[in-house]
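Engineer: Take a look at the following structure, please.
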Amino acid sequence: MRRALVVLAVLIGFVLALAALLFSPILVHTRHVSPDGHFEVVVRTQPVYLLIPMMPGSGSDKPAGATLYKDGRSCGSMVLPMVSFVYDLTWDLDAHPRSAEIRLGGRWNLETCRVQRD
């Protein structure tokens with residue numbers, strides 16, 4: 001009986017670890033560096049979407065998370081309904097405050113290193 005409980009606990013732990021791995025945004029899809037080189041947007045997807053069949057050419061239709069880094073430090077993240085939205089990333093480095101925006105995703109204030117909520 002005790003052996004069965006240990007096996008069951010190990011099996012449950014394995015299933016939970018696998019589920020956490022599949023649903024964590026850990027796969028880097030793309031990176032975009034600002035023109036001045038101080039900022040970088042990293043877009044990550046979840047491994048579970050590799051298991052979902054898609055039509056050819058629809059690989060960037062999956063949801064993703066975009067995180068802005070300033071000299072290696074995170075400035076916040078936003079959820080993108082589709083990975084392809086990151087291709088609408090615009091850097092406004094001449095404005096005050098400086099910003100970066102992903103259309104239909106959100107905007108980062110580069111001065112305060114935070115996501116702006118509209």
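Naming scheme: A, B, ... for chains in displayed order of the structure tokens; residues 1 onward per chain; ligands 1 onward as shown.
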What are the closest atom pairs, with distances in Å to one decimal, for each residue of segment 22-44 of chain A lying within 10 Å of segment 82-94 of chain A, using only C-alpha atoms, rows by chain and rising residue number, as JSON lines?
Structural biologist:
```
{"residue": "A:His29", "atom": "CA", "partner": "A:Val83", "partner_atom": "CA", "distance": 8.0}
{"residue": "A:Thr30", "atom": "CA", "partner": "A:Val86", "partner_atom": "CA", "distance": 8.7}
{"residue": "A:Arg31", "atom": "CA", "partner": "A:Val86", "partner_atom": "CA", "distance": 9.3}
{"residue": "A:His32", "atom": "CA", "partner": "A:Leu89", "partner_atom": "CA", "distance": 8.5}
{"residue": "A:Val33", "atom": "CA", "partner": "A:Trp91", "partner_atom": "CA", "distance": 9.6}
{"residue": "A:Ser34", "atom": "CA", "partner": "A:Trp91", "partner_atom": "CA", "distance": 6.7}
{"residue": "A:Pro35", "atom": "CA", "partner": "A:Trp91", "partner_atom": "CA", "distance": 7.9}
{"residue": "A:Asp36", "atom": "CA", "partner": "A:Leu93", "partner_atom": "CA", "distance": 8.4}
{"residue": "A:Phe39", "atom": "CA", "partner": "A:Trp91", "partner_atom": "CA", "distance": 9.7}
{"residue": "A:Val41", "atom": "CA", "partner": "A:Val86", "partner_atom": "CA", "distance": 8.8}
{"residue": "A:Val42", "atom": "CA", "partner": "A:Val86", "partner_atom": "CA", "distance": 9.4}
{"residue": "A:Val43", "atom": "CA", "partner": "A:Val83", "partner_atom": "CA", "distance": 7.5}
{"residue": "A:Arg44", "atom": "CA", "partner": "A:Val83", "partner_atom": "CA", "distance": 8.5}
```
Engineer: Kindly assemble as a tab-separated table a list of the segment 45-73 of chain A residues that lie within 7 Å of segment 1-23 of chain A, each paired with its nearest atom pair and their distance in Å to one decimal, using only C-alpha atoms, sorted first by chain and then by ascending residue number.
Structural biologist:
```
residue	atom	partner	partner_atom	distance
A:Gln46	CA	A:Phe23	CA	5.4
A:Pro47	CA	A:Leu22	CA	5.0
A:Val48	CA	A:Leu22	CA	4.9
```
Engineer: Segment 68-113 of chain A: which residues are helix (DSSP H, G or I) by DSSP, as a ChimeraX atom specification?
Structural biologist: /A:83-88
Engineer: Run DSSP on the backbone of this structure and report the residues of segment 2-108 of chain A it assigns to strand (DSSP E), as a PyMOL selection string.
Structural biologist: chain A and resi 27-33+39-45+64-70+73-80+89-92+99-102+106-108
Engineer: Print the selection's residues with N, CA and C atoms to a file, as a tab-separated table (two decimals), in the first residue's frame.
Structural biologist:
```
chain	number	residue	atom	x	y	z
A	27	LEU	N	9.37	29.34	-24.93
A	27	LEU	CA	10.01	29.23	-26.24
A	27	LEU	C	10.15	30.61	-26.87
A	28	VAL	N	11.37	31.04	-27.11
A	28	VAL	CA	11.60	32.35	-27.72
A	28	VAL	C	11.25	32.26	-29.20
A	29	HIS	N	10.31	33.08	-29.61
A	29	HIS	CA	9.86	33.10	-31.01
A	29	HIS	C	10.68	34.09	-31.82
A	30	THR	N	10.87	35.29	-31.26
A	30	THR	CA	11.62	36.32	-31.97
A	30	THR	C	12.14	37.37	-30.99
A	31	ARG	N	13.14	38.12	-31.42
A	31	ARG	CA	13.71	39.23	-30.64
A	31	ARG	C	13.82	40.45	-31.55
A	32	HIS	N	13.54	41.60	-30.97
A	32	HIS	CA	13.67	42.87	-31.71
A	32	HIS	C	14.44	43.85	-30.83
A	33	VAL	N	15.56	44.36	-31.34
A	33	VAL	CA	16.40	45.31	-30.61
A	33	VAL	C	16.10	46.72	-31.11
A	39	PHE	N	17.37	48.66	-25.73
A	39	PHE	CA	16.13	47.95	-25.42
A	39	PHE	C	15.98	46.74	-26.34
A	40	GLU	N	15.29	45.73	-25.83
A	40	GLU	CA	15.03	44.54	-26.63
A	40	GLU	C	13.66	43.98	-26.24
A	41	VAL	N	12.86	43.65	-27.24
A	41	VAL	CA	11.58	42.99	-27.02
A	41	VAL	C	11.76	41.52	-27.38
A	42	VAL	N	11.45	40.66	-26.42
A	42	VAL	CA	11.54	39.22	-26.61
A	42	VAL	C	10.13	38.66	-26.58
A	43	VAL	N	9.77	37.91	-27.63
A	43	VAL	CA	8.43	37.32	-27.73
A	43	VAL	C	8.56	35.82	-27.50
A	44	ARG	N	7.77	35.35	-26.53
A	44	ARG	CA	7.80	33.93	-26.17
A	44	ARG	C	6.43	33.30	-26.35
A	45	THR	N	6.44	32.01	-26.70
A	45	THR	CA	5.20	31.24	-26.83
A	45	THR	C	5.25	30.04	-25.91
A	64	ALA	N	1.03	34.84	-27.66
A	64	ALA	CA	2.40	34.96	-27.15
A	64	ALA	C	2.45	36.02	-26.07
A	65	GLY	N	3.59	36.07	-25.41
A	65	GLY	CA	3.86	37.13	-24.45
A	65	GLY	C	5.08	37.91	-24.94
A	66	ALA	N	5.02	39.23	-24.84
A	66	ALA	CA	6.14	40.09	-25.25
A	66	ALA	C	6.68	40.80	-24.02
A	67	THR	N	7.98	40.71	-23.82
A	67	THR	CA	8.64	41.35	-22.68
A	67	THR	C	9.70	42.31	-23.19
A	68	LEU	N	9.69	43.52	-22.65
A	68	LEU	CA	10.70	44.51	-23.00
A	68	LEU	C	11.80	44.48	-21.95
A	69	TYR	N	13.05	44.45	-22.42
A	69	TYR	CA	14.21	44.49	-21.52
A	69	TYR	C	15.01	45.74	-21.81
A	70	LYS	N	15.43	46.41	-20.74
A	70	LYS	CA	16.30	47.59	-20.85
A	70	LYS	C	17.63	47.21	-20.24
A	73	ARG	N	17.35	44.22	-18.00
A	73	ARG	CA	16.36	44.25	-16.92
A	73	ARG	C	14.95	44.33	-17.51
A	74	SER	N	14.03	43.51	-16.99
A	74	SER	CA	12.67	43.47	-17.52
A	74	SER	C	11.92	44.76	-17.21
A	75	CYS	N	11.22	45.27	-18.22
A	75	CYS	CA	10.39	46.47	-18.07
A	75	CYS	C	8.91	46.14	-18.16
A	76	GLY	N	8.56	44.88	-18.04
A	76	GLY	CA	7.16	44.49	-18.08
A	76	GLY	C	6.82	43.72	-19.34
A	77	SER	N	5.70	43.03	-19.24
A	77	SER	CA	5.25	42.17	-20.33
A	77	SER	C	3.82	42.49	-20.72
A	78	MET	N	3.47	42.07	-21.92
A	78	MET	CA	2.08	42.18	-22.39
A	78	MET	C	1.74	40.92	-23.17
A	79	VAL	N	0.46	40.62	-23.19
A	79	VAL	CA	-0.03	39.45	-23.91
A	79	VAL	C	-0.42	39.88	-25.32
A	80	LEU	N	0.04	39.11	-26.30
A	80	LEU	CA	-0.33	39.36	-27.69
A	80	LEU	C	-1.27	38.25	-28.15
A	89	LEU	N	5.71	46.42	-34.21
A	89	LEU	CA	6.45	47.12	-33.16
A	89	LEU	C	7.06	48.40	-33.71
A	90	THR	N	6.81	49.52	-33.02
A	90	THR	CA	7.40	50.80	-33.41
A	90	THR	C	8.15	51.38	-32.22
A	91	TRP	N	9.31	51.91	-32.48
A	91	TRP	CA	10.13	52.56	-31.46
A	91	TRP	C	10.00	54.07	-31.66
A	92	ASP	N	9.62	54.80	-30.62
A	92	ASP	CA	9.54	56.26	-30.68
A	92	ASP	C	10.59	56.81	-29.72
A	99	SER	N	9.05	55.80	-26.11
A	99	SER	CA	8.13	54.68	-25.97
A	99	SER	C	8.36	53.65	-27.07
A	100	ALA	N	7.80	52.49	-26.82
A	100	ALA	CA	7.75	51.43	-27.82
A	100	ALA	C	6.32	50.91	-27.80
A	101	GLU	N	5.78	50.62	-28.96
A	101	GLU	CA	4.38	50.21	-29.03
A	101	GLU	C	4.21	49.06	-30.00
A	102	ILE	N	3.37	48.12	-29.59
A	102	ILE	CA	2.92	47.05	-30.48
A	102	ILE	C	1.44	47.30	-30.71
A	106	GLY	N	0.01	46.85	-26.91
A	106	GLY	CA	0.22	47.78	-25.80
A	106	GLY	C	1.41	48.68	-26.06
A	107	ARG	N	1.76	49.47	-25.02
A	107	ARG	CA	2.82	50.47	-25.14
A	107	ARG	C	3.68	50.41	-23.88
A	108	TRP	N	4.99	50.54	-24.08
A	108	TRP	CA	5.92	50.66	-22.97
A	108	TRP	C	6.42	52.08	-22.89
```
Engineer: Quick one: of A:Gly72, A:Pro63, A:Pro81, A:Pro97, who's nearest to Tyr49 of chain A, counting only C-alpha atoms?
Structural biologist: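 For Tyr49 of chain A, the nearest of the given residues is A:Pro63.
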Engineer: Between atom CA of Asp71 of chain A and atom CA of Gln116 of chain A, what is the spacing in Å?
Structural biologist: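 Interatomic distance here is 19.3 Å.
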Engineer: Rounded to one decimal, what separation in Å do you get between atom CA of Arg98 of chain A and atom CA of Ile26 of chain A?
Structural biologist: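 Between these atoms lies a distance of 28.2 Å.
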